[in-house]
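Student: I am sharing protein01.pdb, which consists of PDB, C-alpha atoms:
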```
ATOM      1  CA  ALA A 437     175.404 -85.676-196.917  1.00  0.00           C
ATOM      2  CA  GLU A 438     176.715 -89.149-196.040  1.00  0.00           C
ATOM      3  CA  LYS A 439     173.276 -90.090-194.695  1.00  0.00           C
ATOM      4  CA  ILE A 440     171.648 -88.954-197.956  1.00  0.00           C
ATOM      5  CA  PHE A 441     174.044 -91.076-200.032  1.00  0.00           C
ATOM      6  CA  GLU A 442     173.465 -94.024-197.708  1.00  0.00           C
ATOM      7  CA  LEU A 443     169.679 -93.656-198.075  1.00  0.00           C
ATOM      8  CA  GLU A 444     170.004 -93.347-201.848  1.00  0.00           C
ATOM      9  CA  ASN A 445     172.078 -96.538-201.977  1.00  0.00           C
ATOM     10  CA  GLN A 446     169.548 -98.352-199.780  1.00  0.00           C
ATOM     11  CA  ALA A 447     166.692 -97.203-202.024  1.00  0.00           C
ATOM     12  CA  GLU A 448     168.480 -98.321-205.192  1.00  0.00           C
ATOM     13  CA  GLU A 449     169.317-101.652-203.594  1.00  0.00           C
ATOM     14  CA  SER A 450     165.707-102.158-202.492  1.00  0.00           C
ATOM     15  CA  ILE A 451     164.415-101.372-205.981  1.00  0.00           C
ATOM     16  CA  ARG A 452     166.881-103.807-207.567  1.00  0.00           C
ATOM     17  CA  ASP A 453     165.857-106.427-204.993  1.00  0.00           C
ATOM     18  CA  PHE A 454     162.175-106.003-205.854  1.00  0.00           C
ATOM     19  CA  GLN A 455     162.895-106.101-209.596  1.00  0.00           C
ATOM     20  CA  GLN A 456     165.134-109.159-209.475  1.00  0.00           C
ATOM     21  CA  ARG A 457     163.699-111.307-206.725  1.00  0.00           C
ATOM     22  CA  LYS A 458     160.232-109.789-206.317  1.00  0.00           C
ATOM     23  CA  ARG A 459     160.452-110.170-202.568  1.00  0.00           C
ATOM     24  CA  GLY A 460     160.794-107.865-199.606  1.00  0.00           C
ATOM     25  CA  HIS A 461     158.647-105.796-197.305  1.00  0.00           C
ATOM     26  CA  ILE A 462     156.617-102.678-198.105  1.00  0.00           C
ATOM     27  CA  ARG A 463     155.442-100.592-195.141  1.00  0.00           C
ATOM     28  CA  ILE A 464     152.419 -98.404-195.893  1.00  0.00           C
ATOM     29  CA  LEU A 465     150.599 -95.872-193.752  1.00  0.00           C
ATOM     30  CA  SER A 466     147.277 -94.407-194.800  1.00  0.00           C
ATOM     31  CA  SER A 467     144.540 -92.096-193.649  1.00  0.00           C
ATOM     32  CA  GLU A 468     141.262 -93.867-192.897  1.00  0.00           C
ATOM     33  CA  SER A 469     139.241 -93.257-196.060  1.00  0.00           C
ATOM     34  CA  PHE A 470     142.063 -94.134-198.431  1.00  0.00           C
ATOM     35  CA  GLY A 471     143.161 -97.134-196.367  1.00  0.00           C
ATOM     36  CA  ASP A 472     139.668 -98.573-195.987  1.00  0.00           C
ATOM     37  CA  TYR A 473     138.196 -97.871-199.402  1.00  0.00           C
ATOM     38  CA  TYR A 474     141.009 -97.624-201.976  1.00  0.00           C
ATOM     39  CA  LEU A 475     144.178 -99.410-200.853  1.00  0.00           C
ATOM     40  CA  PRO A 476     142.681-102.910-200.621  1.00  0.00           C
ATOM     41  CA  ARG A 477     141.887-102.744-204.360  1.00  0.00           C
ATOM     42  CA  ILE A 478     145.556-101.950-204.996  1.00  0.00           C
ATOM     43  CA  ILE A 479     147.216-104.142-202.380  1.00  0.00           C
ATOM     44  CA  ILE A 480     145.282-107.365-202.997  1.00  0.00           C
ATOM     45  CA  PRO A 481     146.107-107.720-206.724  1.00  0.00           C
ATOM     46  CA  PHE A 482     149.724-106.690-206.026  1.00  0.00           C
ATOM     47  CA  SER A 483     149.953-109.277-203.237  1.00  0.00           C
ATOM     48  CA  LYS A 484     148.604-111.995-205.545  1.00  0.00           C
ATOM     49  CA  ALA A 485     151.089-111.044-208.280  1.00  0.00           C
ATOM     50  CA  TYR A 486     154.041-110.855-205.846  1.00  0.00           C
ATOM     51  CA  PRO A 487     153.370-113.332-203.026  1.00  0.00           C
ATOM     52  CA  LEU A 488     156.936-113.043-201.670  1.00  0.00           C
ATOM     53  CA  VAL A 489     156.476-109.320-200.960  1.00  0.00           C
ATOM     54  CA  CYS A 490     155.113-108.734-197.468  1.00  0.00           C
ATOM     55  CA  ILE A 491     152.883-105.668-197.189  1.00  0.00           C
ATOM     56  CA  THR A 492     152.147-104.003-193.887  1.00  0.00           C
ATOM     57  CA  MET A 493     149.435-101.335-193.944  1.00  0.00           C
ATOM     58  CA  ASN A 494     148.322 -99.312-190.941  1.00  0.00           C
ATOM     59  CA  ILE A 495     145.728 -96.568-190.675  1.00  0.00           C
ATOM     60  CA  LEU A 496     146.623 -93.386-188.814  1.00  0.00           C
ATOM     61  CA  PRO A 497     145.472 -89.755-188.770  1.00  0.00           C
ATOM     62  CA  THR A 498     146.839 -87.728-191.702  1.00  0.00           C
ATOM     63  CA  GLU A 499     149.315 -85.754-189.562  1.00  0.00           C
ATOM     64  CA  GLN A 500     150.878 -88.989-188.297  1.00  0.00           C
ATOM     65  CA  VAL A 501     151.047 -90.480-191.797  1.00  0.00           C
ATOM     66  CA  VAL A 502     152.934 -87.361-192.908  1.00  0.00           C
ATOM     67  CA  SER A 503     155.313 -87.258-189.927  1.00  0.00           C
ATOM     68  CA  HIS A 504     156.119 -90.997-190.016  1.00  0.00           C
ATOM     69  CA  THR A 505     156.683 -90.926-193.772  1.00  0.00           C
ATOM     70  CA  ALA A 506     158.954 -87.883-193.499  1.00  0.00           C
ATOM     71  CA  ALA A 507     160.897 -89.672-190.742  1.00  0.00           C
ATOM     72  CA  LEU A 508     161.324 -92.716-193.044  1.00  0.00           C
ATOM     73  CA  ASN A 509     159.411 -94.982-190.648  1.00  0.00           C
ATOM     74  CA  ASN A 510     157.463 -96.386-193.617  1.00  0.00           C
ATOM     75  CA  ASP A 511     157.888 -96.679-197.369  1.00  0.00           C
ATOM     76  CA  LEU A 512     154.688 -95.040-198.606  1.00  0.00           C
ATOM     77  CA  GLY A 513     152.006 -92.820-197.139  1.00  0.00           C
ATOM     78  CA  PHE A 514     148.521 -92.215-198.548  1.00  0.00           C
ATOM     79  CA  ILE A 515     146.446 -89.257-197.365  1.00  0.00           C
ATOM     80  CA  SER A 516     143.212 -87.598-198.457  1.00  0.00           C
ATOM     81  CA  TYR A 517     144.503 -84.125-199.288  1.00  0.00           C
ATOM     82  CA  PRO A 518     147.812 -82.616-200.427  1.00  0.00           C
ATOM     83  CA  VAL A 519     150.316 -81.338-197.884  1.00  0.00           C
ATOM     84  CA  GLU A 520     153.497 -79.327-198.186  1.00  0.00           C
ATOM     85  CA  HIS A 521     156.529 -80.970-196.601  1.00  0.00           C
ATOM     86  CA  HIS A 522     160.139 -80.366-197.568  1.00  0.00           C
ATOM     87  CA  LYS A 523     161.062 -84.038-197.037  1.00  0.00           C
ATOM     88  CA  LEU A 524     158.206 -85.508-199.066  1.00  0.00           C
ATOM     89  CA  LEU A 525     157.247 -85.845-202.692  1.00  0.00           C
ATOM     90  CA  VAL A 526     153.451 -85.598-202.906  1.00  0.00           C
ATOM     91  CA  LYS A 527     151.608 -86.964-205.959  1.00  0.00           C
ATOM     92  CA  GLU A 528     147.870 -87.086-206.584  1.00  0.00           C
ATOM     93  CA  VAL A 529     146.780 -90.632-207.372  1.00  0.00           C
ATOM     94  CA  LEU A 530     143.002 -90.205-207.605  1.00  0.00           C
ATOM     95  CA  LYS A 531     140.147 -87.759-207.135  1.00  0.00           C
ATOM     96  CA  ASP A 532     137.000 -88.218-205.110  1.00  0.00           C
ATOM     97  CA  GLN A 533     133.970 -86.074-204.325  1.00  0.00           C
ATOM     98  CA  LEU A 534     132.635 -85.121-200.944  1.00  0.00           C
ATOM     99  CA  VAL A 535     128.897 -85.633-200.475  1.00  0.00           C
ATOM    100  CA  ILE A 536     126.428 -84.671-197.773  1.00  0.00           C
ATOM    101  CA  ILE A 537     124.603 -87.616-196.257  1.00  0.00           C
ATOM    102  CA  ALA A 538     121.420 -87.319-194.217  1.00  0.00           C
ATOM    103  CA  PRO A 539     118.931 -89.640-192.510  1.00  0.00           C
ATOM    104  CA  LEU A 540     116.196 -90.827-194.883  1.00  0.00           C
ATOM    105  CA  ASP A 541     113.519 -88.829-193.061  1.00  0.00           C
ATOM    106  CA  HIS A 542     115.492 -85.563-193.024  1.00  0.00           C
ATOM    107  CA  PRO A 543     113.560 -82.652-194.613  1.00  0.00           C
ATOM    108  CA  LEU A 544     116.469 -81.768-196.940  1.00  0.00           C
ATOM    109  CA  THR A 545     116.525 -85.215-198.582  1.00  0.00           C
ATOM    110  CA  HIS A 546     113.532 -84.199-200.729  1.00  0.00           C
ATOM    111  CA  LYS A 547     115.406 -81.294-202.324  1.00  0.00           C
ATOM    112  CA  LYS A 548     117.139 -81.921-205.656  1.00  0.00           C
ATOM    113  CA  LYS A 549     119.699 -79.190-205.003  1.00  0.00           C
ATOM    114  CA  LEU A 550     120.907 -77.619-201.767  1.00  0.00           C
ATOM    115  CA  ALA A 551     121.704 -73.944-201.345  1.00  0.00           C
ATOM    116  CA  PRO A 552     124.266 -72.807-198.763  1.00  0.00           C
ATOM    117  CA  GLY A 553     121.506 -71.389-196.573  1.00  0.00           C
ATOM    118  CA  ASP A 554     119.876 -74.835-196.346  1.00  0.00           C
ATOM    119  CA  LEU A 555     122.671 -75.892-193.995  1.00  0.00           C
ATOM    120  CA  ALA A 556     122.079 -72.998-191.572  1.00  0.00           C
ATOM    121  CA  GLY A 557     121.123 -74.308-188.133  1.00  0.00           C
ATOM    122  CA  GLN A 558     121.492 -77.957-189.186  1.00  0.00           C
ATOM    123  CA  LEU A 559     123.068 -80.648-187.029  1.00  0.00           C
ATOM    124  CA  LEU A 560     126.357 -81.709-188.651  1.00  0.00           C
ATOM    125  CA  ILE A 561     128.322 -84.712-187.492  1.00  0.00           C
ATOM    126  CA  MET A 562     131.956 -83.758-188.014  1.00  0.00           C
ATOM    127  CA  HIS A 563     135.109 -85.704-188.734  1.00  0.00           C
ATOM    128  CA  GLU A 564     138.072 -85.133-186.440  1.00  0.00           C
ATOM    129  CA  LYS A 565     140.060 -81.921-186.758  1.00  0.00           C
ATOM    130  CA  GLY A 566     142.602 -82.037-189.589  1.00  0.00           C
ATOM    131  CA  SER A 567     140.633 -84.444-191.787  1.00  0.00           C
ATOM    132  CA  ALA A 568     139.815 -83.545-195.399  1.00  0.00           C
ATOM    133  CA  PRO A 569     136.008 -83.521-194.917  1.00  0.00           C
ATOM    134  CA  ARG A 570     136.361 -81.437-191.760  1.00  0.00           C
ATOM    135  CA  LYS A 571     138.538 -78.850-193.513  1.00  0.00           C
ATOM    136  CA  ALA A 572     136.142 -78.716-196.479  1.00  0.00           C
ATOM    137  CA  ILE A 573     132.980 -78.213-194.411  1.00  0.00           C
ATOM    138  CA  GLU A 574     134.638 -75.662-192.109  1.00  0.00           C
ATOM    139  CA  GLU A 575     135.765 -73.661-195.160  1.00  0.00           C
ATOM    140  CA  TYR A 576     132.278 -73.886-196.701  1.00  0.00           C
ATOM    141  CA  ILE A 577     130.644 -72.760-193.439  1.00  0.00           C
ATOM    142  CA  ARG A 578     133.092 -69.853-193.137  1.00  0.00           C
ATOM    143  CA  GLN A 579     132.711 -68.738-196.773  1.00  0.00           C
ATOM    144  CA  ASN A 580     128.920 -68.785-196.551  1.00  0.00           C
ATOM    145  CA  ASN A 581     128.729 -67.299-193.043  1.00  0.00           C
ATOM    146  CA  LEU A 582     126.668 -70.223-191.753  1.00  0.00           C
ATOM    147  CA  SER A 583     125.930 -71.298-188.225  1.00  0.00           C
ATOM    148  CA  VAL A 584     125.585 -75.050-187.640  1.00  0.00           C
ATOM    149  CA  LYS A 585     125.329 -77.286-184.581  1.00  0.00           C
ATOM    150  CA  ILE A 586     127.874 -80.049-184.049  1.00  0.00           C
ATOM    151  CA  PRO A 587     126.433 -82.832-181.855  1.00  0.00           C
ATOM    152  CA  LEU A 588     129.267 -85.307-182.531  1.00  0.00           C
ATOM    153  CA  GLU A 589     132.884 -85.353-183.687  1.00  0.00           C
ATOM    154  CA  LEU A 590     133.962 -88.809-184.816  1.00  0.00           C
ATOM    155  CA  SER A 591     137.159 -90.147-186.377  1.00  0.00           C
ATOM    156  CA  SER A 592     135.588 -93.178-188.046  1.00  0.00           C
ATOM    157  CA  ASN A 593     133.674 -93.096-191.321  1.00  0.00           C
ATOM    158  CA  HIS A 594     131.672 -96.130-190.200  1.00  0.00           C
ATOM    159  CA  ALA A 595     130.688 -94.406-186.954  1.00  0.00           C
ATOM    160  CA  ILE A 596     129.699 -91.253-188.842  1.00  0.00           C
ATOM    161  CA  LYS A 597     127.479 -93.225-191.230  1.00  0.00           C
ATOM    162  CA  ARG A 598     125.815 -95.063-188.318  1.00  0.00           C
ATOM    163  CA  ALA A 599     125.196 -91.772-186.461  1.00  0.00           C
ATOM    164  CA  VAL A 600     123.556 -90.317-189.589  1.00  0.00           C
ATOM    165  CA  GLU A 601     121.419 -93.455-189.993  1.00  0.00           C
ATOM    166  CA  GLU A 602     120.296 -93.050-186.364  1.00  0.00           C
ATOM    167  CA  GLY A 603     119.112 -89.497-187.082  1.00  0.00           C
ATOM    168  CA  ILE A 604     121.752 -87.589-185.088  1.00  0.00           C
ATOM    169  CA  GLY A 605     122.392 -85.228-188.015  1.00  0.00           C
ATOM    170  CA  MET A 606     123.945 -84.879-191.455  1.00  0.00           C
ATOM    171  CA  ALA A 607     127.602 -85.322-192.407  1.00  0.00           C
ATOM    172  CA  LEU A 608     130.066 -84.635-195.201  1.00  0.00           C
ATOM    173  CA  ILE A 609     131.981 -87.719-196.332  1.00  0.00           C
ATOM    174  CA  SER A 610     133.759 -89.102-199.387  1.00  0.00           C
ATOM    175  CA  ARG A 611     131.440 -90.359-202.144  1.00  0.00           C
ATOM    176  CA  LYS A 612     133.435 -93.618-202.160  1.00  0.00           C
ATOM    177  CA  VAL A 613     132.800 -94.036-198.423  1.00  0.00           C
ATOM    178  CA  ALA A 614     129.052 -93.537-198.981  1.00  0.00           C
ATOM    179  CA  GLN A 615     128.872 -95.565-202.226  1.00  0.00           C
ATOM    180  CA  GLU A 616     127.306 -98.676-200.708  1.00  0.00           C
ATOM    181  CA  GLU A 617     124.553 -96.642-199.033  1.00  0.00           C
ATOM    182  CA  ILE A 618     124.017 -94.512-202.174  1.00  0.00           C
ATOM    183  CA  GLU A 619     123.492 -97.659-204.251  1.00  0.00           C
ATOM    184  CA  ALA A 620     121.163 -99.165-201.625  1.00  0.00           C
TER     185      ALA A 620
END
```
Here is a file; write its structure as structure tokens.
Tutor:
Amino acid sequence: AEKIFELENQAEESIRDFQQRKRGHIRILSSESFGDYYLPRIIIPFSKAYPLVCITMNILPTEQVVSHTAALNNDLGFISYPVEHHKLLVKEVLKDQLVIIAPLDHPLTHKKKLAPGDLAGQLLIMHEKGSAPRKAIEEYIRQNNLSVKIPLELSSNHAIKRAVEEGIGMALISRKVAQEEIEA
């Protein structure tokens, strides 16, 4: 109980400090997609508006973002899907779509709409276990009783996009992550 009151006092003091002096240090952890594609658009304007506030942002796997945030090792954590944790307050801040990307010469790129069976037997480059795209595609495969081949498991969106460009297979990624390639 004393620790809770101490933490509450520290939090109130930190908030007052930010409000009055607009200085301090904010420690942020984020999963890869959010940290690479969304946080810079938030952090950069904030940093310009409050130059005396130091922001530290590191990218970690979702499980580590959750555990470090729950342990109070950072101030904020951003992840790609909701989690249940008794020590955390989880709020949705934005929505994104997952899209399937394929090499330009892939036979499925000519179809306007894909049916579940179109993915049967396909080569799918997968995100690491525990990631939002990985969970989504595994659930889709299970629900539709599909069999796919997994030539690569990668933890980097950039690496996944390069592997798809090189013709290794298709992948499921965030629309925001693929936006540059979609526009091109």
Student: Could you tell me which of A:Ser516, A:Thr545, A:Asn581, A:Gln533 comes closest to Ser469 (chain A) if we count only C-alpha atoms?
Tutor: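 Among the listed residues, the smallest separation from Ser469 (chain A) belongs to A:Ser516.
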Student: With all atoms listed in the file as the counted atoms, please give the residues lying no more than 9 Å from Glu589 (chain A), apart from itself and same-chain residues fewer than 2 positions off, as a list in words.
Tutor: Leu560, Ile561, Met562, His563, Glu564, Lys565, Ile586, Pro587, Ser591 and Ile596 of chain A
Student: Which one of A:Arg578, A:His542, A:Lys612, A:Lys549 sits closest to Val600 (chain A) if you count only C-alpha atoms?
Tutor: A:His542
Student: Expanded to explicit residues, what is the PyMOL selection byres ((chain A and resi 525) around 12) for this file, as a list in words?
Tutor: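 With the PyMOL selection byres ((chain A and resi 525) around 12) on this model, the match is Val502, Thr505, Ala506, Leu512, Gly513, Phe514, Pro518, Val519, Glu520, His521, His522, Lys523, Leu524, Val526, Lys527 and Glu528 of chain A.
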Student: Using the chain letters and numbering of this document, enumerate as number ranges by chain the residues selected by the PyMOL selection byres ((chain A and resi 615) around 12).
Tutor: A: 473, 532-535, 537, 597, 609-614, 616-620
Student: Please compute the CA of Glu444 (chain A)-CA of Ser483 (chain A) distance, one decimal, in Å.
Tutor: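 A separation of 25.6 Å between them.
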Student: What residues come out when you apply the PyMOL selection byres ((chain A and resi 472) around 12) to this file, written as a list in words?
Tutor: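 Given this file, the PyMOL selection byres ((chain A and resi 472) around 12) evaluates to Leu465, Ser466, Ser467, Glu468, Ser469, Phe470, Gly471, Tyr473, Tyr474, Leu475, Pro476, Arg477, Ile478, Ile479, Met493, Asn494, Ile495, Leu496, Phe514, Ile515, Ser516, Ser592, Asn593, His594, Ser610, Lys612 and Val613 of chain A.
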Student: What is the distance, in Å and to one decimal place, between CA of Leu488 (chain A) and CA of Leu508 (chain A)?
Tutor: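 CA of Leu508 (chain A) lies 22.5 Å from CA of Leu488 (chain A).
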